[in-house]
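Structure record follows, encoded as structure tokens.
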Amino acid sequence: MNLLTALLAAPLVAFLIALCIPRSSAQASRLWALISSLAIFGMSLGLLNWFDRNASGEQFTLDVPWISSPDIHFAISVNAISFWLILLTTLLTPLCVLLSWRSIHERVKEFFAFLLLLEFGLVGVFMAQDLFLFYVFWEICLVPMYFLIGIWGHDRRIYAAVKFFLYTMAGSVLMLVAIIYIYNRALTFNYTTIVELLASGRLTFSPAEQLWLFLAFFFAFAIKVPLFPLHTWLPDAHVEAPSAGSVMLASVMLKMGTYGILHFCLPLFPAAATQCAPWIVVLAIIGIIYGALVAMVQPNMKKLVAYSSVSHLGFVILGIFSFTQQGMDGAVYQMLNHGISTGALFVIVGLLYERRHSLEIKDYGGVATAAPWLSIAFLITTLASIGLPMLNNFVGEFLVLQGAAISNYTWAIFASIGVILSACYMLWMYQRVFYGEVNPEVRSHVFDLNGREWATVIPLIAMMVWMGMYSQSFLPPVGKVTARVLQQVQSNVPMRVAIPARTEAANAR
Amino acid sequence: MPVSGGYMTAADAIRFLPEIILTVMGALLMVLDPIIAKRSSKAFGHLSILALVAAGAAAIYAYQTPGNAFGDMLVVDGFATFFRVLVVVVGILTILPSYRFLARQEAETGEFHALLLFSITGQCIMAAANDLIIIFIGLEISSIASYILAGYLRDDKRANESALKYFLLGSFATAFFLYGVAVIYGSTGTTNLSAVRAQLMGPDAAPALFVGLAAALMFVGLAFKVSAAPFQVWAPDVYQGAPTPVTAFLSAGPKAAAFAIFLRIFLTAFEPIRHGWEPLVWGSALLSMTIGNFAALQQSNIKRMLAYSSVAHAGYVLVALTARPEVGTSAAMFYLAAYAFMNVGAFAVVSHLSGRGERYVSIDDFAGLGVKQPLTAAMFAIFLLSLIGVPLTGGFFGKFYIFRAALESHLVWLSVLGLLNSAVAAYYYLRILVVMYMKEPSEAANKVEPLGLGLRLALIVPAIATLFLGIFPNWVLDFAGKSANFVK
């Protein structure tokens with residue numbers, strides 16, 4: 001039993017215990033969800049003690065045979081990227097519990113049980129090193145999220161839930177074909193072993209094979225990210241989901257896609273990845289600009305934030321496929337940033353909805369007068385989201401744009417349009433919701449943050465500031481891993497661009 | 001083939017013990033019917049379960065000394081034992097929910113249970129048969145009992161239609177099969193599967209035309225029995241009209257047994273002409289998956305929907321048949337076991353909710369079951385997720401092994417189309433989850449009876465089995481892998 005297994009098992013145990021709590025005592029369900037998710041967060045922080053920040057490889061490796069034929073192992077480990085994402089997951093889960101404390105009053109037990117099951121699936125996705133196990137966790141995440149949207153969502157929840165499920169399912173069955181195909185050639189599901197086999201030349205895929213396999217994986221991941229034009233499930237799912245669902249969906253589940261691309265697609269199929277990169281980058285840039293433009297005209301706050309996610313995730317894809325150290329570091333950082341800042345946006349929009357029972361921008365106005373502290377929290381989050389220096393998104397976007405510029409200046413120019421547009425739509429929304437004449441309904445219903453809500457918002461704002469002011473706490477370990485990925489990509493294909501070796505060297509210029 | 005010496009040896013008797021037990025109990029139930037009918041109607045169910053447990057034990061006992069019986073007519077190998085135990089378990093899981101069902105329809109008689117036992121006897125014979133004549137006898141015993149079971153509620157118009165359709169089309173299919181047997185006997189001079197195989201591989205093999213004709217005729221007959229496209233048209237009407245526990249039984253027991261003989265005939269006797277029949281099976285597999293899934297999308301009656309879904313699942317198993325026999329057979333066996341549990345479980349929920357006269361069988365009747373009876377709904381959710389093929393359920397591993405076998409045999413397109421098909425299928429299974437958990441309770445959900453012990457078992461046992469097959473598939477898969485080598 002290693003430490004990682006304990007961290008993975010904890011949410012599952014918490015889920016099973018949550019199932020045993022009697023339906024009648026809703027408060028017990030809430031308390032259990034809060035206590036257990038805080039304990040799990042504590043465990044993941046504790047793991048940080050043993051985590052080697054200088055290693056580029058996998059840590060806490062555990063490999064136990066699970067099924068003998070085909071040879072499936074329960075193989076888990078983490079590297080810096082997946083570990084930060086796991087911390088993000090375990091941080092957000094208790095916050096989601098707090099956020100749902102009052103807003104969920106029907107079938108409370110099931111809600112919190114599903115939230116814990118979701119945490120289990122997400123933590124598993126980021127740990128799995130066996131392709132089969134990865135697929136298992138990938139699909140497990142689908143089930144609780146489907147129920148969270150479908151049962152506790154808003155008016156069009158059923159449509160959104162089914163669409164979400166089917167889109168992901170359609171993508172993932174293709175990934176399953178590719179996984180089985182790889183197994184039949186490599187005779188193992190173990191990701192590290194497969195990469196070694198590929199590197200040593202004992203396992204080779206023809207260019208056509210590599211392209212098809214890459215596309216099968218990429219399709220599944222691109223739906224999840226979502227990459228334009230596969231994004232249409234996202235606005236529906238985000239808008240219809242309950243607040244906690246939107247937070248988990250935007251902050252963590254979208255990262256499953258980008259993490260998958262970075263962790264599986266690139267090292268396994270480097271040649272195909274480089275070959276497809278220009279096309280993917282074009283789609284990413286279209287997503288950046290299109291997402292921002294569509295966000296601008298949304299009358300619904302959640303939908304606006306949802307489209308802004310399409311735009312932000314475009315940056316992540318751009319960073320990854322720039323194949324530069326800066327771009328990849330920025331992409332990973334942007335994954336975390338988006339998790340924090342968009343998570344916070346959905347949290348505060350959720351708090352507004354709890355008070356005013358509307359998501360329409362026109363139903364608000366003058367919230368700053370009625371609830372000044374809530375407005376300040378939202379303002380900081382807005383500024384973080386549009387990439388103000390000293391706040392987290394700036395660091396990520398800067399690195400991504402720098403990486404893009406090293407690869408191709410045109411990419412950087414077009415992508416930076418997205419940064420400008422993000423300021424437009426976010427500030428315009430802020431103006432309409434928080435300033436202006438005080439809407440009478442707002443005056444009577446919208447009150448300021450209470451203690452529980454402060455506890456939900458403060459950690460996120462603290463993270464925004466920390467990640468914006470001192471990225472050194474987070475970036476160096478990430479750089480080790482991305483450097484390894486980059487080297488795996490380059491060792492397999494001729495380099496297209498000269499790539500500076502280290503971030504610091506580039507920064508120094 | 002003459003029986004050796006004309007006597008039944010002790011070894012023969014042991015290898016035939018499951019069938020003997022079931023036949024004796026079936027006959028006994030018919031005799032007891034007038035004696036205990038009114039006083040304690042539950043006794044029929046208890047006695048049948050007792051007989052089935054004994055038959056299952058006998059099947060396992062017989063496997064301790066595997067070998068042939070009655071000359072080479074029967075063969076008790078791992079494959080036969082696997083399917084014998086499977087159909088016996090399906091029988092038990094059919095009887096458990098039928099206590100309440102029959103009481104509700106005021107139709108508790110011994111004949112229901114006797115027919116069920118006879119049908120299972122036929123399926124056990126099919127599982128162990130190694131001779132085309134015995135296969136035919138098993139098929140007929142199983143089918144004729146099933147025809148009557150489909151029309152068991154004789155005052156119900158739909159049940160009558162169901163029985164008549166099943167009988168007419170079923171007899172027609174059996175005739176096709178029998179015609180194929182005749183052609184084989186005419187051209188090779190034997191009905192023993194191993195002997196046919198040897199003849200076809202020998203120097204003076206029978207003319208390809210006749211053998212091909214025979215294989216095609218048998219394929220038609222068997223494709224009908226497993227409800228594979230384009231011979232699936234009977235399935236929706238029969239499944240919809242038959243009493244729900246019978247539908248559950250039809251979709252699992254006879255189907256598994258029919259697949260057992262399908263695999264045995266085509267992978268022993270007809271293996272030498274594999275290249276000839278492979279395209280047929282390939283086409284039928286793709287057609288079954290596509291027709292089954294797309295037709296199921298349109299249904300509002302849950303039994304009809306599950307009928308189309310069962311056509312699609314037959315397609316998945318046929319995919320396994322086109323793969324290399326070593327991996328394909330064990331994949332098919334695993335899939336059939338997983339499918340039997342999840343489908344029988346799903347039908348148990350349907351029969352629980354259906355009410356008197358089976359009034360509540362539309363998908364909308366399941367609305368709000370998640371609130372009204374969370375345990376039933378949760379079990380149903382497990383079965384549905386398994387039918388979709390979500391990991392950690394038996395249905396997922398079944399699909400995984402089948403498509404792995406197919407990919408190993410380089411059937412990339414069939415795998416891609418098959419798996420995309422399963423994404424389509426997700427839509428109609430999700431519809432049930434949607435109404436069950438996300439809609440206001442319906443009249444049916446408000447009237448649902450509390451769960452009795454029988455039903456509780458009939459739901460929880462398959463649910464545990466489904467999850468067990470999904471998390472620890474090794475146990476069954478190892479056995480399937482060992483038994484996949486037929487006696488040739």
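Ordering of the structure tokens sets the chain letters (A, B, ...); residue numbers start at 1 within each chain; ligands are numbered from 1 in the order shown.
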(message) Using only C-alpha atoms, which protein or nucleic acid residues come within 8 Å of Arg484 of chain A? Drop anything in the same chain fewer than 4 positions from it, and give the result as a list in words.
(response)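 Result of the neighbour search: Ser56, Lys480 and Gln488 of chain A.
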Take the selection from the previous step and output its residues with N, CA and C atoms, as a tab-separated table (two decimals), in the first residue's frame.
```
chain	number	residue	atom	x	y	z
A	56	SER	N	11.98	14.49	-13.12
A	56	SER	CA	11.20	14.69	-14.34
A	56	SER	C	10.32	13.48	-14.60
A	480	LYS	N	10.45	20.53	-15.54
A	480	LYS	CA	11.21	19.28	-15.67
A	480	LYS	C	10.43	18.28	-16.52
A	488	GLN	N	11.07	13.92	-25.73
A	488	GLN	CA	10.51	12.71	-26.34
A	488	GLN	C	9.95	13.02	-27.72
```
(request) Report the residues of segment 53-270 of chain A whose backbone DSSP state falls under strand (DSSP E), written as a ChimeraX atom specification. (result) /A:59-67,72-78
What would the file look like if the residues just selected were written as a short mmCIF file (atom, residue, chain, number, x, y, z; two decimals), in the first residue's frame with C-alpha atoms?
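Result saved to again.cif:
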```cif
data_model
loop_
_atom_site.label_atom_id
_atom_site.label_comp_id
_atom_site.auth_asym_id
_atom_site.auth_seq_id
_atom_site.Cartn_x
_atom_site.Cartn_y
_atom_site.Cartn_z
CA GLN A 59 6.93 9.20 -8.73
CA PHE A 60 5.24 6.99 -6.15
CA THR A 61 5.03 4.27 -8.77
CA LEU A 62 2.84 1.32 -7.92
CA ASP A 63 2.27 -1.56 -10.29
CA VAL A 64 0.10 -4.48 -9.25
CA PRO A 65 -1.31 -7.03 -11.69
CA TRP A 66 -5.07 -6.78 -11.90
CA ILE A 67 -6.22 -9.00 -14.73
CA ILE A 72 -3.91 -5.32 -17.20
CA HIS A 73 -2.17 -3.77 -14.25
CA PHE A 74 -3.26 -1.45 -11.55
CA ALA A 75 -0.41 0.94 -12.30
CA ILE A 76 -0.44 4.42 -10.82
CA SER A 77 2.08 7.18 -10.32
CA VAL A 78 2.28 10.95 -10.53
#
```
Sorted by chain and rising residue number, which residues of chain B lie within 9 Å of chain A, and what are their closest atom pairs and distances in Å to one decimal, counting only C-alpha atoms, as JSON lines?
```
{"residue": "B:Val371", "atom": "CA", "partner": "A:Arg107", "partner_atom": "CA", "distance": 8.5}
{"residue": "B:Leu385", "atom": "CA", "partner": "A:Val143", "partner_atom": "CA", "distance": 8.8}
{"residue": "B:Val390", "atom": "CA", "partner": "A:Glu139", "partner_atom": "CA", "distance": 6.5}
{"residue": "B:Pro391", "atom": "CA", "partner": "A:Val136", "partner_atom": "CA", "distance": 5.2}
{"residue": "B:Leu392", "atom": "CA", "partner": "A:Val136", "partner_atom": "CA", "distance": 7.2}
{"residue": "B:Phe400", "atom": "CA", "partner": "A:Ile180", "partner_atom": "CA", "distance": 8.3}
{"residue": "B:Tyr401", "atom": "CA", "partner": "A:Pro70", "partner_atom": "CA", "distance": 8.5}
{"residue": "B:Phe403", "atom": "CA", "partner": "A:Val177", "partner_atom": "CA", "distance": 7.8}
{"residue": "B:Arg404", "atom": "CA", "partner": "A:Ile180", "partner_atom": "CA", "distance": 5.9}
{"residue": "B:Leu407", "atom": "CA", "partner": "A:Tyr181", "partner_atom": "CA", "distance": 6.5}
{"residue": "B:Glu408", "atom": "CA", "partner": "A:Asn184", "partner_atom": "CA", "distance": 6.1}
{"residue": "B:Val412", "atom": "CA", "partner": "A:Val177", "partner_atom": "CA", "distance": 8.3}
{"residue": "B:Ser415", "atom": "CA", "partner": "A:Val177", "partner_atom": "CA", "distance": 7.2}
{"residue": "B:Val416", "atom": "CA", "partner": "A:Val177", "partner_atom": "CA", "distance": 6.7}
{"residue": "B:Leu419", "atom": "CA", "partner": "A:Val173", "partner_atom": "CA", "distance": 5.9}
{"residue": "B:Leu420", "atom": "CA", "partner": "A:Ala170", "partner_atom": "CA", "distance": 6.5}
{"residue": "B:Ser422", "atom": "CA", "partner": "A:Val173", "partner_atom": "CA", "distance": 8.2}
{"residue": "B:Ala423", "atom": "CA", "partner": "A:Ala170", "partner_atom": "CA", "distance": 5.4}
{"residue": "B:Val424", "atom": "CA", "partner": "A:Leu166", "partner_atom": "CA", "distance": 7.9}
{"residue": "B:Ala426", "atom": "CA", "partner": "A:Leu166", "partner_atom": "CA", "distance": 7.1}
{"residue": "B:Tyr427", "atom": "CA", "partner": "A:Leu166", "partner_atom": "CA", "distance": 6.9}
{"residue": "B:Leu430", "atom": "CA", "partner": "A:Val162", "partner_atom": "CA", "distance": 7.2}
{"residue": "B:Arg431", "atom": "CA", "partner": "A:Val162", "partner_atom": "CA", "distance": 8.3}
{"residue": "B:Val434", "atom": "CA", "partner": "A:Ile158", "partner_atom": "CA", "distance": 6.9}
{"residue": "B:Tyr437", "atom": "CA", "partner": "A:Ile151", "partner_atom": "CA", "distance": 6.6}
{"residue": "B:Met438", "atom": "CA", "partner": "A:Ile151", "partner_atom": "CA", "distance": 5.1}
{"residue": "B:Lys439", "atom": "CA", "partner": "A:Ile151", "partner_atom": "CA", "distance": 8.5}
{"residue": "B:Ile471", "atom": "CA", "partner": "A:Trp66", "partner_atom": "CA", "distance": 8.9}
{"residue": "B:Phe472", "atom": "CA", "partner": "A:Ile67", "partner_atom": "CA", "distance": 7.2}
{"residue": "B:Pro473", "atom": "CA", "partner": "A:Ile67", "partner_atom": "CA", "distance": 7.2}
{"residue": "B:Asn474", "atom": "CA", "partner": "A:Ile67", "partner_atom": "CA", "distance": 5.8}
{"residue": "B:Leu477", "atom": "CA", "partner": "A:Ser69", "partner_atom": "CA", "distance": 8.1}
{"residue": "B:Asp478", "atom": "CA", "partner": "A:Ser69", "partner_atom": "CA", "distance": 8.0}
```
May I have the selected residues written with N, CA and C atoms, as a CSV table (one decimal), in the first residue's frame?
```csv
chain,number,residue,atom,x,y,z
B,371,VAL,N,-36.8,8.0,-6.8
B,371,VAL,CA,-37.2,8.6,-5.6
B,371,VAL,C,-38.0,7.6,-4.8
B,385,LEU,N,-26.1,0.6,-17.0
B,385,LEU,CA,-24.7,1.1,-17.3
B,385,LEU,C,-23.9,-0.1,-17.9
B,390,VAL,N,-20.2,0.6,-19.6
B,390,VAL,CA,-19.3,1.5,-18.8
B,390,VAL,C,-18.4,0.7,-17.9
B,391,PRO,N,-17.1,1.1,-17.8
B,391,PRO,CA,-16.1,0.2,-17.1
B,391,PRO,C,-16.6,-0.1,-15.7
B,392,LEU,N,-15.9,-1.2,-15.2
B,392,LEU,CA,-16.2,-1.8,-13.9
B,392,LEU,C,-17.6,-2.5,-13.9
B,400,PHE,N,-15.1,-5.3,-24.3
B,400,PHE,CA,-13.7,-5.1,-24.4
B,400,PHE,C,-13.0,-6.4,-25.0
B,401,TYR,N,-13.4,-7.5,-24.4
B,401,TYR,CA,-12.7,-8.8,-24.9
B,401,TYR,C,-13.1,-9.1,-26.4
B,403,PHE,N,-14.0,-7.0,-28.8
B,403,PHE,CA,-13.4,-6.1,-29.7
B,403,PHE,C,-11.9,-6.2,-29.7
B,404,ARG,N,-11.3,-6.7,-28.6
B,404,ARG,CA,-9.9,-7.0,-28.6
B,404,ARG,C,-9.6,-8.2,-29.5
B,407,LEU,N,-9.9,-7.0,-33.1
B,407,LEU,CA,-8.7,-6.2,-33.5
B,407,LEU,C,-7.5,-7.1,-33.7
B,408,GLU,N,-7.4,-8.1,-32.8
B,408,GLU,CA,-6.3,-9.1,-33.0
B,408,GLU,C,-6.4,-9.8,-34.3
B,412,VAL,N,-10.4,-4.3,-38.1
B,412,VAL,CA,-10.4,-2.9,-37.6
B,412,VAL,C,-11.7,-2.2,-37.8
B,415,SER,N,-14.6,-3.4,-35.7
B,415,SER,CA,-14.5,-2.9,-34.4
B,415,SER,C,-14.9,-1.5,-34.2
B,416,VAL,N,-14.4,-0.7,-35.2
B,416,VAL,CA,-14.7,0.8,-35.1
B,416,VAL,C,-16.2,1.0,-35.2
B,419,LEU,N,-18.0,-0.3,-32.1
B,419,LEU,CA,-17.9,0.5,-30.9
B,419,LEU,C,-18.7,1.8,-31.0
B,420,LEU,N,-18.7,2.3,-32.2
B,420,LEU,CA,-19.5,3.5,-32.5
B,420,LEU,C,-21.0,3.2,-32.2
B,422,SER,N,-22.0,1.2,-30.1
B,422,SER,CA,-22.3,1.1,-28.7
B,422,SER,C,-22.5,2.5,-28.1
B,423,ALA,N,-21.9,3.5,-28.8
B,423,ALA,CA,-22.2,4.9,-28.4
B,423,ALA,C,-23.6,5.3,-28.7
B,424,VAL,N,-24.1,4.8,-29.9
B,424,VAL,CA,-25.5,5.1,-30.2
B,424,VAL,C,-26.4,4.4,-29.2
B,426,ALA,N,-25.9,3.9,-26.2
B,426,ALA,CA,-25.9,4.6,-24.9
B,426,ALA,C,-27.1,5.5,-24.8
B,427,TYR,N,-27.5,6.1,-26.0
B,427,TYR,CA,-28.6,7.1,-25.9
B,427,TYR,C,-29.9,6.4,-25.4
B,430,LEU,N,-29.7,5.5,-21.7
B,430,LEU,CA,-29.7,6.7,-20.9
B,430,LEU,C,-31.1,7.3,-20.7
B,431,ARG,N,-31.9,7.1,-21.8
B,431,ARG,CA,-33.3,7.6,-21.6
B,431,ARG,C,-34.0,7.0,-20.4
B,434,VAL,N,-32.7,8.7,-17.4
B,434,VAL,CA,-33.2,10.0,-17.3
B,434,VAL,C,-34.6,10.0,-16.7
B,437,TYR,N,-34.5,8.9,-12.9
B,437,TYR,CA,-33.9,9.8,-11.9
B,437,TYR,C,-34.3,11.2,-12.0
B,438,MET,N,-34.7,11.6,-13.2
B,438,MET,CA,-34.8,13.1,-13.4
B,438,MET,C,-36.2,13.6,-13.7
B,439,LYS,N,-37.2,12.7,-13.6
B,439,LYS,CA,-38.5,13.1,-13.8
B,439,LYS,C,-39.4,12.9,-12.6
B,471,ILE,N,-15.1,-6.2,-12.3
B,471,ILE,CA,-13.9,-5.8,-11.5
B,471,ILE,C,-12.9,-7.0,-11.5
B,472,PHE,N,-13.5,-8.2,-11.3
B,472,PHE,CA,-12.6,-9.4,-11.3
B,472,PHE,C,-13.0,-10.3,-12.4
B,473,PRO,N,-12.8,-10.0,-13.7
B,473,PRO,CA,-13.2,-10.8,-14.8
B,473,PRO,C,-12.4,-12.1,-14.9
B,474,ASN,N,-11.2,-12.1,-14.2
B,474,ASN,CA,-10.3,-13.2,-14.4
B,474,ASN,C,-10.9,-14.6,-14.2
B,477,LEU,N,-13.1,-15.5,-16.9
B,477,LEU,CA,-12.3,-15.5,-18.2
B,477,LEU,C,-11.3,-16.7,-18.3
B,478,ASP,N,-10.7,-17.0,-17.2
B,478,ASP,CA,-9.7,-18.1,-17.2
B,478,ASP,C,-10.4,-19.4,-17.5
```
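A straight line drawn from atom CA of Ser227 of chain B to atom CA of Met289 of chain B is 11.2 Å long.
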(message) From the options A:Val310, A:Val332, A:Cys20, A:Ala415, which residue's atoms come nearest to Val481 of chain A, counting only C-alpha atoms?
(response)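 Residue with the minimum atom-to-atom distance to Val481 of chain A: A:Val332.
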